[in-house]
$ cat structure25.tsv   # TSV, C-alpha atoms
chain	number	residue	atom	x	y	z
A	1	MET	CA	110.37	220.02	151.59
A	2	ASN	CA	107.13	218.40	150.46
A	3	TYR	CA	104.96	221.34	149.41
A	4	ILE	CA	101.85	219.26	148.83
A	5	LYS	CA	101.80	218.25	152.45
A	6	LYS	CA	102.83	221.51	154.05
A	7	GLY	CA	101.12	224.83	153.69
A	8	ILE	CA	99.19	227.63	155.32
A	9	PRO	CA	95.80	226.18	156.33
A	10	PHE	CA	93.56	228.66	154.58
A	11	MET	CA	91.75	228.96	151.27
A	12	LEU	CA	93.42	231.19	148.73
A	13	LEU	CA	92.87	231.60	145.01
A	14	ILE	CA	96.25	231.20	143.37
A	15	PHE	CA	97.23	231.22	139.74
A	16	LEU	CA	100.07	228.91	138.76
A	17	LEU	CA	101.79	227.19	135.92
A	18	LEU	CA	103.89	224.10	135.98
A	19	PRO	CA	107.71	224.17	136.10
A	20	SER	CA	110.22	222.98	133.51
A	21	VAL	CA	107.61	221.89	131.03
A	22	SER	CA	107.39	221.22	127.34
A	23	VAL	CA	104.00	221.30	125.69
A	24	LEU	CA	103.35	218.94	122.81
A	25	ALA	CA	99.93	219.59	121.38
A	26	LYS	CA	98.10	221.32	118.57
A	27	GLU	CA	101.38	222.89	117.32
A	28	GLN	CA	101.24	225.63	119.99
A	29	MET	CA	99.20	225.31	123.15
A	30	ASP	CA	97.01	228.32	123.88
A	31	GLU	CA	94.80	227.19	126.71
A	32	ARG	CA	93.69	228.40	130.13
A	33	VAL	CA	94.25	225.26	132.18
A	34	TYR	CA	92.90	224.84	135.71
A	35	TYR	CA	94.89	222.42	137.85
A	36	ILE	CA	92.81	220.55	140.42
A	37	LEU	CA	94.24	218.55	143.29
A	38	VAL	CA	91.17	216.32	143.34
A	39	ASP	CA	91.11	215.31	147.00
A	40	ARG	CA	91.55	218.92	148.15
A	41	PHE	CA	88.88	220.40	145.86
A	42	VAL	CA	85.20	219.75	146.65
A	43	ASN	CA	83.47	216.84	148.40
A	44	GLY	CA	80.42	216.31	146.23
A	45	ASP	CA	79.53	212.75	147.20
A	46	ASN	CA	79.72	211.52	150.80
A	47	ASN	CA	79.19	207.93	149.66
A	48	ASN	CA	82.89	207.64	148.71
A	49	ASP	CA	84.23	209.11	151.96
A	50	ILE	CA	86.10	205.92	152.71
A	51	GLU	CA	89.03	207.04	154.83
A	52	ILE	CA	88.77	210.82	155.18
A	53	ASP	CA	90.23	212.71	158.12
A	54	ILE	CA	90.34	216.49	157.64
A	55	ASP	CA	92.40	216.91	160.82
A	56	ASN	CA	95.27	214.86	159.40
A	57	PRO	CA	97.28	216.63	156.65
A	58	GLU	CA	98.45	213.25	155.35
A	59	ALA	CA	94.92	211.82	154.95
A	60	TYR	CA	92.21	212.09	152.34
A	61	TYR	CA	89.85	215.07	152.79
A	62	GLY	CA	87.01	213.91	150.56
A	63	GLY	CA	87.32	215.78	147.28
A	64	ASP	CA	85.91	213.77	144.38
A	65	PHE	CA	84.71	213.79	140.77
A	66	GLN	CA	81.20	214.85	141.76
A	67	GLY	CA	82.60	217.88	143.52
A	68	ILE	CA	84.31	218.94	140.28
A	69	ILE	CA	81.15	218.33	138.26
A	70	ASP	CA	79.26	220.59	140.65
A	71	LYS	CA	81.69	223.45	139.92
A	72	LEU	CA	82.06	223.11	136.15
A	73	SER	CA	79.80	226.05	135.36
A	74	ASN	CA	81.84	228.24	137.72
A	75	LEU	CA	85.06	227.21	135.99
A	76	GLN	CA	83.54	227.97	132.61
A	77	LYS	CA	82.62	231.47	133.79
A	78	LEU	CA	86.28	232.00	134.70
A	79	GLY	CA	87.20	231.31	131.08
A	80	ILE	CA	88.85	227.96	131.77
A	81	THR	CA	89.31	225.83	128.64
A	82	THR	CA	91.07	222.76	130.10
A	83	ILE	CA	90.90	221.00	133.46
A	84	ASN	CA	94.06	219.21	134.63
A	85	LEU	CA	93.27	216.58	137.27
A	86	SER	CA	95.93	215.45	139.74
A	87	PRO	CA	96.62	211.68	139.58
A	88	ILE	CA	93.28	209.85	139.87
A	89	MET	CA	94.66	206.29	139.74
A	90	VAL	CA	94.70	204.06	142.83
A	91	ALA	CA	97.60	205.24	144.98
A	92	SER	CA	98.93	205.06	148.52
A	93	SER	CA	98.25	208.72	149.27
A	94	TYR	CA	95.74	211.42	148.46
A	95	ASN	CA	98.11	213.26	146.11
A	96	GLY	CA	98.46	210.24	143.81
A	97	PHE	CA	102.18	210.53	143.12
A	98	ASP	CA	102.75	207.02	144.55
A	99	PRO	CA	100.60	204.87	142.21
A	100	VAL	CA	99.48	201.35	143.10
A	101	ASP	CA	97.42	200.59	139.97
A	102	TYR	CA	97.75	202.74	136.85
A	103	GLN	CA	94.57	201.38	135.26
A	104	SER	CA	92.07	201.77	138.10
A	105	VAL	CA	90.26	204.80	139.52
A	106	ASP	CA	90.91	205.62	143.17
A	107	PRO	CA	87.55	204.78	144.85
A	108	GLN	CA	88.01	207.81	147.12
A	109	PHE	CA	87.22	209.96	144.07
A	110	GLY	CA	84.42	207.84	142.59
A	111	ASP	CA	84.45	205.21	139.87
A	112	MET	CA	84.95	205.05	136.12
A	113	ALA	CA	81.33	206.02	135.48
A	114	ASP	CA	81.82	209.16	137.58
A	115	LEU	CA	84.98	210.05	135.66
A	116	GLN	CA	83.18	209.48	132.37
A	117	GLN	CA	80.38	211.79	133.52
A	118	LEU	CA	82.89	214.46	134.54
A	119	VAL	CA	84.58	214.36	131.14
A	120	ALA	CA	81.25	214.35	129.28
A	121	GLU	CA	79.92	217.35	131.21
A	122	ALA	CA	83.21	219.20	130.85
A	123	HIS	CA	82.97	218.70	127.08
A	124	GLU	CA	79.40	220.01	127.14
A	125	ASN	CA	80.81	223.14	128.81
A	126	ASP	CA	83.50	223.47	126.09
A	127	MET	CA	86.29	222.33	128.40
A	128	GLU	CA	88.78	219.52	127.95
A	129	VAL	CA	90.07	217.17	130.66
A	130	VAL	CA	93.75	216.25	131.05
A	131	LEU	CA	94.99	213.63	133.52
A	132	ASP	CA	98.18	213.81	135.57
A	133	PHE	CA	100.33	210.78	134.72
A	134	PRO	CA	103.37	210.29	137.01
A	135	ILE	CA	105.60	207.64	135.43
A	136	THR	CA	108.82	207.81	137.42
A	137	HIS	CA	107.94	205.99	140.68
A	138	VAL	CA	105.42	203.64	142.24
A	139	ALA	CA	104.23	202.99	145.77
A	140	GLU	CA	106.21	200.61	147.94
A	141	ASN	CA	103.21	198.26	147.98
A	142	HIS	CA	102.83	198.19	144.19
A	143	SER	CA	102.72	194.63	142.88
A	144	TRP	CA	105.70	195.30	140.60
A	145	THR	CA	108.02	195.50	143.62
A	146	SER	CA	107.49	191.78	144.21
A	147	GLU	CA	106.11	190.31	140.97
A	148	ASN	CA	107.82	192.28	138.19
A	149	THR	CA	111.09	193.12	139.83
A	150	ASP	CA	112.82	193.81	136.49
A	151	TRP	CA	110.28	196.64	136.00
A	152	ILE	CA	111.63	198.37	139.11
A	153	LYS	CA	114.92	200.06	139.97
A	154	ASP	CA	116.30	201.01	143.37
A	155	ALA	CA	114.43	203.61	145.37
A	156	SER	CA	115.03	207.24	144.53
A	157	THR	CA	113.41	210.61	145.13
A	158	ASN	CA	110.15	211.35	143.34
A	159	GLN	CA	108.65	214.75	142.47
A	160	LEU	CA	107.56	215.27	146.08
A	161	GLU	CA	110.98	214.36	147.49
A	162	GLU	CA	109.74	210.99	148.74
A	163	GLN	CA	111.91	207.88	148.54
A	164	LEU	CA	109.98	205.40	146.39
A	165	PRO	CA	110.76	202.50	144.03
A	166	ALA	CA	111.79	203.91	140.64
A	167	ILE	CA	110.29	202.60	137.41
A	168	ASN	CA	112.63	201.00	134.87
A	169	LEU	CA	111.58	202.75	131.67
A	170	ASP	CA	114.59	201.33	129.87
A	171	SER	CA	112.52	198.15	129.68
A	172	GLN	CA	110.57	197.74	126.45
A	173	GLU	CA	107.85	195.90	128.37
A	174	VAL	CA	107.41	198.81	130.76
A	175	GLN	CA	107.33	201.30	127.91
A	176	GLU	CA	104.64	199.32	126.12
A	177	TYR	CA	102.62	199.09	129.33
A	178	PHE	CA	102.53	202.85	129.69
A	179	LEU	CA	101.73	203.36	126.01
A	180	GLU	CA	98.79	200.98	126.40
A	181	THR	CA	97.76	202.64	129.67
A	182	ALA	CA	97.55	206.07	128.03
A	183	VAL	CA	95.33	204.64	125.30
A	184	TYR	CA	93.26	202.84	127.95
A	185	TRP	CA	92.33	206.12	129.67
A	186	MET	CA	91.59	207.85	126.38
A	187	LYS	CA	89.28	205.06	125.26
A	188	SER	CA	87.70	204.33	128.66
A	189	ALA	CA	87.14	207.87	129.92
A	190	ASN	CA	87.44	209.92	126.70
A	191	VAL	CA	90.05	212.20	128.30
A	192	ASP	CA	91.75	214.74	126.08
A	193	GLY	CA	95.37	214.23	127.04
A	194	PHE	CA	97.93	213.93	129.81
A	195	HIS	CA	100.30	215.84	132.01
A	196	ILE	CA	103.30	213.52	132.19
A	197	TYR	CA	105.79	213.80	135.06
A	198	VAL	CA	109.26	212.64	134.05
A	199	ASN	CA	112.91	212.99	135.07
A	200	ASP	CA	116.31	212.68	133.42
A	201	GLN	CA	116.13	208.88	133.70
A	202	ILE	CA	113.28	208.68	131.19
A	203	PRO	CA	114.44	207.94	127.61
A	204	GLU	CA	113.44	210.83	125.35
A	205	LEU	CA	112.70	208.32	122.60
A	206	PHE	CA	109.95	206.90	124.83
A	207	ILE	CA	108.43	210.38	125.22
A	208	GLU	CA	108.32	210.68	121.45
A	209	GLN	CA	106.70	207.24	121.17
A	210	LEU	CA	104.16	208.20	123.82
A	211	ARG	CA	103.34	211.39	121.93
A	212	GLU	CA	102.89	209.42	118.70
A	213	ARG	CA	100.62	206.84	120.36
A	214	ILE	CA	98.47	209.52	122.00
A	215	PHE	CA	98.15	211.57	118.82
A	216	ASN	CA	97.26	208.44	116.86
A	217	GLU	CA	94.23	208.19	119.13
A	218	ASP	CA	93.42	211.91	118.95
A	219	GLU	CA	95.38	214.28	116.76
A	220	GLN	CA	94.08	217.19	118.85
A	221	ALA	CA	95.22	215.67	122.16
A	222	THR	CA	97.19	217.67	124.71
A	223	LEU	CA	100.47	216.33	126.08
A	224	ILE	CA	102.33	218.31	128.75
A	225	ILE	CA	105.82	217.07	129.62
A	226	ASP	CA	106.84	218.17	133.09
A	227	GLY	CA	110.43	217.82	134.26
A	228	MET	CA	112.31	217.42	130.98
A	229	GLU	CA	113.21	219.76	128.15
A	230	THR	CA	112.63	218.19	124.75
A	231	GLU	CA	113.27	219.21	121.18
A	232	VAL	CA	109.81	217.97	120.26
A	233	GLY	CA	107.19	220.69	120.57
A	234	SER	CA	107.54	224.04	122.33
A	235	SER	CA	109.24	224.41	125.67
A	236	MET	CA	110.13	226.91	128.33
A	237	LEU	CA	113.17	227.26	130.57
A	238	PRO	CA	112.94	226.57	134.32
A	239	SER	CA	114.59	229.94	134.89
A	240	PHE	CA	111.30	231.68	134.00
A	241	ARG	CA	109.73	230.86	137.34
A	242	THR	CA	112.78	231.94	139.34
A	243	GLU	CA	113.00	235.26	137.52
A	244	ALA	CA	109.24	235.84	137.61
A	245	VAL	CA	108.98	235.20	141.35
A	246	THR	CA	111.95	237.49	142.05
A	247	ILE	CA	110.37	240.31	140.03
A	248	LEU	CA	106.72	239.92	140.99
A	249	LYS	CA	106.94	239.19	144.72
A	250	GLN	CA	107.81	242.83	145.43
A	251	PRO	CA	106.64	246.16	143.98
A	252	GLY	CA	108.61	248.51	141.81
A	253	GLN	CA	110.14	245.88	139.53
A	254	SER	CA	109.86	245.93	135.75
A	255	VAL	CA	108.46	242.82	134.05
A	256	GLU	CA	110.31	243.66	130.84
A	257	PRO	CA	113.03	241.00	131.48
A	258	LEU	CA	110.33	238.31	131.50
A	259	LEU	CA	109.14	239.36	128.07
A	260	ARG	CA	112.57	238.72	126.62
A	261	ASN	CA	112.25	235.01	127.44
A	262	GLU	CA	110.76	232.39	125.14
A	263	LEU	CA	107.03	232.98	125.44
A	264	THR	CA	105.74	229.68	124.07
A	265	GLY	CA	104.74	226.76	126.27
A	266	VAL	CA	103.14	226.81	129.71
A	267	HIS	CA	104.07	229.62	132.12
A	268	TYR	CA	104.01	229.42	135.90
A	269	LEU	CA	104.89	231.16	139.13
A	270	GLU	CA	104.36	228.09	141.27
A	271	SER	CA	103.07	224.57	140.95
A	272	VAL	CA	101.98	221.73	143.15
A	273	LEU	CA	105.67	220.81	143.28
A	274	THR	CA	107.07	224.21	144.29
A	275	PRO	CA	106.85	226.73	147.14
A	276	ARG	CA	103.86	229.04	147.05
A	277	PHE	CA	104.20	232.41	145.41
A	278	ALA	CA	102.10	233.89	148.23
A	279	HIS	CA	104.65	232.63	150.74
A	280	GLU	CA	107.45	234.18	148.71
A	281	ALA	CA	105.62	237.54	148.78
A	282	VAL	CA	104.98	237.34	152.52
A	283	GLN	CA	108.62	236.47	153.16
A	284	ALA	CA	109.57	239.56	151.18
A	285	GLY	CA	107.26	241.63	153.40
A	286	PHE	CA	104.51	242.42	150.90
A	287	ASN	CA	100.77	241.76	150.54
A	288	PRO	CA	100.38	238.45	148.65
A	289	VAL	CA	96.92	239.38	147.31
A	290	THR	CA	98.27	242.51	145.65
A	291	ARG	CA	101.24	240.59	144.28
A	292	TRP	CA	98.92	237.92	142.84
A	293	GLN	CA	96.76	240.53	141.14
A	294	LEU	CA	99.78	241.69	139.17
A	295	ALA	CA	101.07	238.17	138.61
A	296	SER	CA	97.74	236.84	137.35
A	297	THR	CA	97.42	239.80	134.96
A	298	LEU	CA	100.81	238.93	133.50
A	299	LEU	CA	99.94	235.25	133.14
A	300	TYR	CA	96.63	236.06	131.44
A	301	THR	CA	98.38	238.20	128.84
A	302	LEU	CA	101.30	235.88	128.02
A	303	PRO	CA	100.91	233.69	124.93
A	304	GLY	CA	101.03	229.92	125.19
A	305	GLY	CA	99.49	227.75	127.89
A	306	ARG	CA	98.44	229.23	131.21
A	307	LEU	CA	97.46	227.04	134.12
A	308	PHE	CA	95.43	228.25	137.11
A	309	SER	CA	94.75	226.40	140.32
A	310	ILE	CA	93.49	226.52	143.85
A	311	ARG	CA	94.99	224.78	146.86
A	312	VAL	CA	92.76	223.94	149.81
A	313	TRP	CA	94.26	222.41	152.91
A	314	LYS	CA	91.69	222.49	155.70
A	315	CYS	CA	88.38	222.75	153.84
A	316	GLN	CA	86.10	220.27	152.12
A	317	TRP	CA	84.58	222.89	149.85
A	318	ILE	CA	85.52	226.01	148.00
A	319	MET	CA	83.81	228.77	146.10
A	320	VAL	CA	84.88	229.15	142.49
$ encode --input "structure25.tsv" --output "structure tokens"
Amino acid sequence: MNYIKKGIPFMLLIFLLLPSVSVLAKEQMDERVYYILVDRFVNGDNNNDIEIDIDNPEAYYGGDFQGIIDKLSNLQKLGITTINLSPIMVASSYNGFDPVDYQSVDPQFGDMADLQQLVAEAHENDMEVVLDFPITHVAENHSWTSENTDWIKDASTNQLEEQLPAINLDSQEVQEYFLETAVYWMKSANVDGFHIYVNDQIPELFIEQLRERIFNEDEQATLIIDGMETEVGSSMLPSFRTEAVTILKQPGQSVEPLLRNELTGVHYLESVLTPRFAHEAVQAGFNPVTRWQLASTLLYTLPGGRLFSIRVWKCQWIMV
């Protein structure tokens, strides 16, 4: 099931961390990261409302860079230290996991100047900005599908369970393109790192090369690897989420088993790629707000990276 596209149409503050991740940054990541699905956040500039339709769950809703800028002070008051933006490159859909151009800003969100302003103001508020960087698949209308066919493999399932052309990262040319693209965003927008989405088809040597290239640009950069365990940096097991959800979705359960797990890396109860923890609690017959109060307390106290987020499905604004 595609959990980006399907969900209860109401606004709910949810705390979440990303699944099956390794964190490569600053020896051990200890950040409070706020994940923002840009299009579903805040519409701060009606001038870029190009194709919005808030009655269509598949369409853009109007969230943009200006909307995030308008809420930076609120995020700072929550103690957020890093903002993780969903894919902001030109793509075929609002979620950005089907890229069309890896080196251009989606005009629905603003332009490069708007992104630069967002990063600059985040830095002024003592927050860093990390970009989502999905590198496993491209949109069906990406130019590589017709012009650089050796850069593309047969269609396969992406992170959102969509059938899309797969990227051939065995190709040295493709690897170099993505290394250069990472540097491009760091130089052009002054971003502080990336959240890379990978799968078991991605050569681990390439991940190491990507880490080296990024850290050559900024030795304090943040690199989150999502979807692959790696011996480089700290990591967490995917079983953490399963065990945490089982324990925390219902009352009367001890959290002690969770504390026996490896406590480095980024912890999560749900992500943009998983079912909602609130849904799990409701299915178990319990109040999701109460369950989240306990869950968020646990996440705040665990060492390592902690990522918080909000999902909005039928609104163009939120209060943070």
$ closest_residue --input "structure25.tsv" --among "A:Ile50, A:Val42, A:Leu164, A:Val130" --to "A:Pro99" --atoms "only C-alpha atoms"
A:Leu164
$ atom_distance --input "structure25.tsv" --atom1 "atom CA of A:Ser86" --atom2 "atom CA of A:Leu205"
25.0 Å
$ residues_around --input "structure25.tsv" --residues "A:Asn190" --least-positions-apart "3" --cutoff "8 Å" --atoms "all atoms listed in the file" --output "NGL selection string"
:A and (116 or 119 or 185-187)
$ closest_residue --input "structure25.tsv" --among "A:Ile69, A:Val183, A:Ile54, A:Val272" --to "A:Pro87" --atoms "all atoms listed in the file"
A:Val272
$ closest_residue --input "structure25.tsv" --among "A:Gln66, A:Val129, A:Ser93, A:His142" --to "A:Leu160" --atoms "all atoms listed in the file"
A:Ser93
$ atom_distance --input "structure25.tsv" --atom1 "atom CA of A:Gly193" --atom2 "atom CA of A:Glu173"
22.2 Å
$ closest_residue --input "structure25.tsv" --among "A:Phe194, A:Tyr34, A:Phe109, A:Phe97" --to "A:Phe65" --atoms "only C-alpha atoms"
A:Phe109
$ atom_distance --input "structure25.tsv" --atom1 "atom CA of A:Pro134" --atom2 "atom CA of A:Ser146"
20.3 Å
$ closest_residue --input "structure25.tsv" --among "A:Tyr35, A:Trp292, A:Tyr61, A:Trp151" --to "A:Ile80" --atoms "all atoms listed in the file"
A:Tyr35
$ residues_around --input "structure25.tsv" --residues "A:Val138" --least-positions-apart "3" --cutoff "9 Å" --atoms "all atoms listed in the file" --output "JSON, numbers by chain"
{"A": [91, 97, 98, 99, 100, 101, 134, 135, 141, 142, 144, 145, 152, 164, 165, 166, 167]}
